[in-house]
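Q: Just so it is clear, I am handing over input29.cif, which has mmCIF, C-alpha atoms and all ligand atoms.
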```
data_my_file
#
loop_
_atom_site.group_PDB
_atom_site.id
_atom_site.type_symbol
_atom_site.label_atom_id
_atom_site.label_comp_id
_atom_site.auth_asym_id
_atom_site.auth_seq_id
_atom_site.Cartn_x
_atom_site.Cartn_y
_atom_site.Cartn_z
ATOM 1 C CA MET A 1 37.794 -50.050 17.554
ATOM 2 C CA THR A 2 40.861 -50.429 15.391
ATOM 3 C CA GLY A 3 41.961 -54.027 14.993
ATOM 4 C CA ARG A 4 45.622 -54.770 15.458
ATOM 5 C CA ALA A 5 48.174 -57.376 14.438
ATOM 6 C CA LYS A 6 51.286 -58.295 16.401
ATOM 7 C CA GLY A 7 54.553 -56.693 15.294
ATOM 8 C CA LEU A 8 56.356 -60.009 14.961
ATOM 9 C CA LEU A 9 54.154 -60.952 11.986
ATOM 10 C CA PHE A 10 55.521 -57.990 10.055
ATOM 11 C CA THR A 11 59.139 -58.775 10.829
ATOM 12 C CA TYR A 12 58.728 -62.503 10.140
ATOM 13 C CA LEU A 13 57.260 -61.705 6.740
ATOM 14 C CA ARG A 14 60.045 -59.274 5.857
ATOM 15 C CA ASP A 15 62.790 -61.662 7.004
ATOM 16 C CA TRP A 16 61.220 -64.571 5.132
ATOM 17 C CA VAL A 17 61.014 -62.591 1.883
ATOM 18 C CA VAL A 18 64.589 -61.332 2.264
ATOM 19 C CA ASP A 19 65.873 -64.863 3.015
ATOM 20 C CA THR A 20 64.010 -66.575 0.198
ATOM 21 C CA ARG A 21 63.895 -63.867 -2.510
ATOM 22 C CA GLY A 22 66.521 -61.321 -1.565
ATOM 23 C CA GLN A 23 66.581 -57.780 -0.232
ATOM 24 C CA GLY A 24 65.959 -56.299 -3.681
ATOM 25 C CA VAL A 25 62.596 -58.041 -4.019
ATOM 26 C CA TRP A 26 61.527 -56.866 -0.595
ATOM 27 C CA ASP A 27 62.532 -53.247 -1.297
ATOM 28 C CA GLU A 28 60.664 -53.327 -4.584
ATOM 29 C CA GLU A 29 57.511 -54.776 -3.040
ATOM 30 C CA LEU A 30 57.574 -52.396 -0.100
ATOM 31 C CA ALA A 31 57.846 -49.478 -2.522
ATOM 32 C CA ALA A 32 54.797 -50.832 -4.369
ATOM 33 C CA ALA A 33 52.758 -51.337 -1.163
ATOM 34 C CA PRO A 34 50.206 -48.780 0.090
ATOM 35 C CA SER A 35 51.706 -45.830 2.003
ATOM 36 C CA HIS A 36 50.086 -46.923 5.290
ATOM 37 C CA VAL A 37 52.080 -50.171 5.018
ATOM 38 C CA ARG A 38 55.356 -48.341 4.373
ATOM 39 C CA GLU A 39 54.719 -46.167 7.425
ATOM 40 C CA VAL A 40 54.775 -49.263 9.637
ATOM 41 C CA TYR A 41 57.977 -50.624 8.092
ATOM 42 C CA ASP A 42 59.621 -47.198 8.246
ATOM 43 C CA GLY A 43 59.372 -47.355 12.040
ATOM 44 C CA ILE A 44 60.996 -49.744 14.480
ATOM 45 C CA ILE A 45 58.766 -52.811 14.790
ATOM 46 C CA LEU A 46 59.033 -54.473 18.177
ATOM 47 C CA ALA A 47 57.934 -58.126 18.188
ATOM 48 C CA SER A 48 55.418 -57.511 20.971
ATOM 49 C CA SER A 49 54.004 -54.247 19.588
ATOM 50 C CA TRP A 50 50.529 -53.942 18.088
ATOM 51 C CA GLN A 51 50.338 -52.585 14.545
ATOM 52 C CA PRO A 52 47.289 -51.637 12.437
ATOM 53 C CA MET A 53 45.417 -54.641 11.047
ATOM 54 C CA LYS A 54 44.925 -52.678 7.853
ATOM 55 C CA ALA A 55 48.701 -52.642 7.331
ATOM 56 C CA TRP A 56 48.947 -56.423 7.792
ATOM 57 C CA ASN A 57 46.202 -57.080 5.259
ATOM 58 C CA GLY A 58 47.789 -54.446 3.009
ATOM 59 C CA ILE A 59 51.234 -56.032 2.874
ATOM 60 C CA VAL A 60 50.039 -59.620 2.411
ATOM 61 C CA ASP A 61 47.546 -58.589 -0.282
ATOM 62 C CA SER A 62 50.127 -56.625 -2.223
ATOM 63 C CA TYR A 63 53.116 -58.971 -1.750
ATOM 64 C CA PHE A 64 51.358 -62.273 -2.423
ATOM 65 C CA GLY A 65 49.116 -60.674 -5.048
ATOM 66 C CA ASN A 66 52.119 -59.379 -6.994
ATOM 67 C CA ARG A 67 54.472 -62.310 -6.611
ATOM 68 C CA TYR A 68 52.289 -65.415 -6.816
ATOM 69 C CA PRO A 69 49.885 -66.575 -9.538
ATOM 70 C CA ASP A 70 47.846 -67.971 -6.633
ATOM 71 C CA PRO A 71 48.229 -65.628 -3.623
ATOM 72 C CA ASN A 72 46.701 -68.252 -1.313
ATOM 73 C CA ALA A 73 49.510 -70.685 -2.181
ATOM 74 C CA GLY A 74 52.140 -68.080 -1.281
ATOM 75 C CA MET A 75 50.418 -67.137 1.949
ATOM 76 C CA ALA A 76 50.054 -70.817 2.919
ATOM 77 C CA GLU A 77 53.799 -71.278 2.355
ATOM 78 C CA PHE A 78 54.584 -68.328 4.598
ATOM 79 C CA CYS A 79 52.141 -69.461 7.314
ATOM 80 C CA ALA A 80 53.686 -72.941 7.400
ATOM 81 C CA HIS A 81 57.104 -71.330 7.871
ATOM 82 C CA LEU A 82 55.724 -69.066 10.589
ATOM 83 C CA GLY A 83 54.165 -72.048 12.348
ATOM 84 C CA GLU A 84 57.493 -73.886 12.382
ATOM 85 C CA ARG A 85 59.239 -70.862 13.850
ATOM 86 C CA GLU A 86 56.534 -70.000 16.349
ATOM 87 C CA LEU A 87 55.792 -73.447 17.713
ATOM 88 C CA THR A 88 58.693 -73.104 20.056
ATOM 89 C CA THR A 89 60.205 -75.777 22.232
ATOM 90 C CA LEU A 90 57.918 -74.897 25.101
ATOM 91 C CA VAL A 91 54.767 -74.959 22.986
ATOM 92 C CA ARG A 92 55.880 -78.229 21.407
ATOM 93 C CA LEU A 93 56.328 -79.753 24.820
ATOM 94 C CA VAL A 94 52.876 -78.627 25.964
ATOM 95 C CA LEU A 95 51.267 -79.957 22.784
ATOM 96 C CA LYS A 96 53.116 -83.235 23.056
ATOM 97 C CA MET A 97 51.695 -83.747 26.524
ATOM 98 C CA GLY A 98 48.188 -82.828 25.473
ATOM 99 C CA SER A 99 45.583 -84.360 23.223
ATOM 100 C CA PRO A 100 44.305 -82.901 19.932
ATOM 101 C CA GLU A 101 41.217 -81.792 21.867
ATOM 102 C CA PHE A 102 43.396 -80.010 24.406
ATOM 103 C CA MET A 103 45.070 -78.087 21.595
ATOM 104 C CA LEU A 104 41.919 -77.239 19.630
ATOM 105 C CA LYS A 105 40.299 -75.784 22.746
ATOM 106 C CA ARG A 106 43.206 -73.349 22.940
ATOM 107 C CA THR A 107 42.884 -71.975 19.402
ATOM 108 C CA GLY A 108 41.306 -68.788 20.765
ATOM 109 C CA PHE A 109 44.295 -68.205 22.969
ATOM 110 C CA LEU A 110 46.695 -68.729 20.056
ATOM 111 C CA TRP A 111 44.709 -66.358 17.827
ATOM 112 C CA LYS A 112 44.878 -63.601 20.449
ATOM 113 C CA ARG A 113 48.640 -63.856 20.411
ATOM 114 C CA TYR A 114 48.583 -62.387 16.905
ATOM 115 C CA PHE A 115 45.338 -60.495 16.386
ATOM 116 C CA SER A 116 43.353 -58.197 18.673
ATOM 117 C CA ALA A 117 40.047 -58.606 16.819
ATOM 118 C CA GLY A 118 38.046 -61.798 16.412
ATOM 119 C CA THR A 119 37.143 -64.671 18.691
ATOM 120 C CA PHE A 120 37.818 -68.331 18.043
ATOM 121 C CA GLY A 121 35.500 -71.052 19.251
ATOM 122 C CA ALA A 122 35.670 -74.837 18.986
ATOM 123 C CA GLU A 123 33.295 -77.730 19.588
ATOM 124 C CA GLU A 124 33.396 -81.464 19.219
ATOM 125 C CA ILE A 125 31.017 -82.952 16.674
ATOM 126 C CA ASP A 126 32.232 -86.501 17.008
ATOM 127 C CA LYS A 127 35.358 -88.342 18.071
ATOM 128 C CA GLY A 128 38.166 -86.984 15.870
ATOM 129 C CA HIS A 129 35.856 -84.463 14.214
ATOM 130 C CA TRP A 130 35.666 -80.861 15.441
ATOM 131 C CA ARG A 131 34.246 -77.628 14.189
ATOM 132 C CA LEU A 132 36.050 -74.339 14.836
ATOM 133 C CA TRP A 133 34.998 -70.845 13.982
ATOM 134 C CA LEU A 134 36.264 -67.291 13.861
ATOM 135 C CA GLU A 135 33.765 -64.623 14.783
ATOM 136 C CA CYS A 136 34.368 -61.035 13.681
ATOM 137 C CA SER A 137 33.243 -58.631 10.995
ATOM 138 C CA ALA A 138 34.419 -58.970 7.398
ATOM 139 C CA ASP A 139 36.341 -55.725 7.432
ATOM 140 C CA PRO A 140 39.965 -55.828 6.227
ATOM 141 C CA ASP A 141 40.592 -52.405 7.794
ATOM 142 C CA HIS A 142 40.067 -53.905 11.249
ATOM 143 C CA THR A 143 39.935 -57.701 11.118
ATOM 144 C CA ALA A 144 41.871 -60.543 9.471
ATOM 145 C CA GLY A 145 41.560 -60.386 5.677
ATOM 146 C CA PRO A 146 40.760 -63.407 3.494
ATOM 147 C CA LEU A 147 44.395 -64.429 2.921
ATOM 148 C CA THR A 148 44.954 -64.629 6.672
ATOM 149 C CA CYS A 149 41.779 -66.473 7.726
ATOM 150 C CA THR A 150 42.034 -68.870 4.780
ATOM 151 C CA ASN A 151 45.697 -69.801 5.160
ATOM 152 C CA GLY A 152 46.692 -68.921 8.720
ATOM 153 C CA PRO A 153 44.960 -71.113 11.277
ATOM 154 C CA ALA A 154 44.704 -74.437 9.393
ATOM 155 C CA PRO A 155 48.402 -75.330 8.882
ATOM 156 C CA TRP A 156 49.123 -74.332 12.469
ATOM 157 C CA LEU A 157 46.391 -76.483 13.874
ATOM 158 C CA GLU A 158 47.483 -79.402 11.700
ATOM 159 C CA ARG A 159 51.033 -79.080 12.981
ATOM 160 C CA GLY A 160 49.801 -78.788 16.562
ATOM 161 C CA MET A 161 47.611 -81.871 16.156
ATOM 162 C CA ALA A 162 50.592 -83.794 14.796
ATOM 163 C CA LEU A 163 52.581 -82.866 17.895
ATOM 164 C CA ALA A 164 49.664 -84.044 20.010
ATOM 165 C CA GLY A 165 49.832 -87.415 18.291
ATOM 166 C CA ALA A 166 47.035 -86.996 15.760
ATOM 167 C CA ASP A 167 47.269 -87.358 12.033
ATOM 168 C CA GLY A 168 44.677 -85.074 10.510
ATOM 169 C CA THR A 169 43.553 -82.130 8.435
ATOM 170 C CA VAL A 170 41.995 -78.752 9.113
ATOM 171 C CA ARG A 171 40.057 -77.045 6.351
ATOM 172 C CA HIS A 172 38.621 -73.521 6.101
ATOM 173 C CA VAL A 173 35.139 -74.346 4.804
ATOM 174 C CA GLU A 174 33.110 -71.140 5.310
ATOM 175 C CA CYS A 175 34.359 -67.566 5.025
ATOM 176 C CA ARG A 176 33.120 -64.166 6.221
ATOM 177 C CA TYR A 177 34.324 -62.813 2.889
ATOM 178 C CA SER A 178 32.040 -65.186 0.985
ATOM 179 C CA GLY A 179 28.902 -64.119 2.803
ATOM 180 C CA SER A 180 29.011 -66.456 5.810
ATOM 181 C CA PRO A 181 28.381 -64.899 9.228
ATOM 182 C CA ARG A 182 31.645 -66.405 10.482
ATOM 183 C CA CYS A 183 34.652 -68.324 9.169
ATOM 184 C CA GLU A 184 34.366 -72.017 9.877
ATOM 185 C CA TYR A 185 36.971 -74.763 9.978
ATOM 186 C CA VAL A 186 36.609 -78.510 10.109
ATOM 187 C CA ALA A 187 39.249 -80.598 11.862
ATOM 188 C CA ARG A 188 39.400 -84.369 11.360
ATOM 189 C CA TRP A 189 42.013 -86.757 12.631
ATOM 190 C CA LYS A 190 42.902 -90.256 13.651
ATOM 191 C CA SER A 191 44.776 -90.740 16.853
ATOM 192 C CA THR A 192 48.239 -92.211 16.346
ATOM 193 C CA LYS A 193 49.036 -92.483 20.049
HETATM 194 ZN ZN ZN B 1 37.611 -66.766 6.237
#
```
Output the file's structure as structure tokens, nothing else.

A:
Amino acid sequence: MTGRAKGLLFTYLRDWVVDTRGQGVWDEELAAAPSHVREVYDGIILASSWQPMKAWNGIVDSYFGNRYPDPNAGMAEFCAHLGERELTTLVRLVLKMGSPEFMLKRTGFLWKRYFSAGTFGAEEIDKGHWRLWLECSADPDHTAGPLTCTNGPAPWLERGMALAGADGTVRHVECRYSGSPRCEYVARWKSTK
């Protein structure tokens, strides 16, 4: 099965680069990206469409690899921006009414909004201490590549926990691309409610 990524990720990335670096930088980077990436951007990208996962990994690898001494830092910056934009009024309201636990249990649902491949799970280890994991193969042609699993979920979950009244951190501690069977995340927080 071919893994897919939601169209809105591609347009958010393009708009963010154009807004922060200018159209010229985007055009240059798109020209330098693999042809299968350019094919996606040459078409009309609807926010709700599903695009090849390989193209998502391709554009983030080439853009952040070319433009940042530390590609993870660039990707983390973009993901924080995306989180701000995507945690809409409605989502904020729901999170505000819920607890951190309520939000962490829904990570799988949030993941599926963006990626067709991979399953998120979450379990409580102790009060204010949870483990989360992403199960899927380590195959950047079909599943989230290392830039995405390392920098995507954590800042989102941290922001969501803050909205749910918890001051905490989420760290990506094990990775499929470093030989682990699944990516693992550790969430820790103190309730501020
Ligand atoms: Zn990972």

Q: Give as a list in words the residues surrounding ligand ZN 1 (chain B) up to a distance of 8 Å, considering only C-alpha atoms and all ligand atoms.

A: Leu134, Gly145, Pro146, Leu147, Thr148, Cys149, Thr150, His172, Glu174, Cys175, Arg176, Tyr177, Ser178, Arg182, Cys183 and Glu184 of chain A

Q: What gap, in Å, lies between atom CA of Thr20 of chain A and atom CA of Ala154 of chain A?

A: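 Straight-line distance from atom CA of Thr20 of chain A to atom CA of Ala154 of chain A works out to 22.8 Å.
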
Q: Would you mind telling me which residue in A:Glu84, A:Asp141, A:Glu158, A:Glu135 lies nearest to Pro181 of chain A when using all atoms listed in the file?

A: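 Result for the nearest residue to Pro181 of chain A: A:Glu135.
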
Q: Taking the file as I've supplied it (selection: the PyMOL selection byres (((chain A and resi 131) around 7) and not hetatm)), which residues are included? Please answer as a PyMOL selection string.

A: chain A and resi 122-125+130+132-133+185-187

Q: For Trp189 of chain A, which residue out of A:Arg159, A:Arg21, A:His129, A:Lys6 is the nearest one, using only C-alpha atoms?

A: A:His129

Q: If we draw a sphere of 12 Å around (56.1, -51.2, -4.8), which residues have at least one atom in it when counting all atoms listed in the file? Please report them as a ChimeraX atom specification.

A: /A:24-35,37-38,58-59,62-63,65-67

Q: Name every residue that the PyMOL selection byres (((chain A and resi 76) around 12) and not hetatm) selects in this structure, writing the answer as an NGL selection string with chains first and numbers rising.

A: :A and (60 or 64 or 68 or 70-75 or 77-83 or 146-156)

Q: Please indicate the distance in Å from atom CA of Thr143 of chain A to atom CA of Val173 of chain A, rounded to one decimal place.

A: 18.4 Å

Q: From the options A:Asp139, A:Glu39, A:Asp15, A:Glu101, which residue's atoms come nearest to Met161 of chain A, counting only C-alpha atoms?

A: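 Result for the nearest residue to Met161 of chain A: A:Glu101.
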
Q: Grab the atom CA of Lys112 of chain A to atom CA of Arg4 of chain A distance for me, in Å with one decimal place.

A: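 Atom CA of Lys112 of chain A sits 10.2 Å away from atom CA of Arg4 of chain A.
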
Q: Looking at all atoms listed in the file, which of A:His142, A:Leu87, A:Ser99, A:Val40 is the one that sits closest to Asp167 of chain A?

A: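 Under the stated criterion, the closest residue is A:Ser99.
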
Q: Under the rule that all atoms listed in the file are counted, which of A:Ala164, A:Leu104, A:Met97, A:Met53 is the nearest residue to Ser116 of chain A?

A: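 Ranking A:Ala164, A:Leu104, A:Met97, A:Met53 by distance to Ser116 of chain A, first place goes to A:Met53.
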
Q: Calculated over only C-alpha atoms, which of the candidates A:Gly118, A:Gly160, A:Pro52, A:Pro69 has the smallest distance to Cys136 of chain A?

A: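 When distances to Cys136 of chain A are compared using only C-alpha atoms, the smallest one comes from A:Gly118.
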
Q: Let me know the residues the PyMOL selection byres (((chain A and resi 95) around 9) and not hetatm) catches in the file above, as JSON, numbers by chain.

A: {"A": [90, 91, 92, 93, 94, 96, 97, 98, 99, 100, 102, 103, 160, 161, 162, 163, 164, 165]}

Q: Provide an axis-aligned box for all listed atoms of segment 129-136 of chain A, padding each side by 3 Å; report its centre and its edge lengths in Å to one decimal, as JSON.

A:
```
{"center_x": 35.0, "center_y": -72.7, "center_z": 14.6, "size_x": 8.5, "size_y": 29.4, "size_z": 7.8}
```

Q: When you look at Leu46 of chain A with a cut-off of 10 Å (counting only C-alpha atoms), what residues show up, excluding the ones that are within fewer than 2 positions of it in the same chain? I need them as a ChimeraX atom specification.

A: /A:6-8,10-11,43-44,48-51
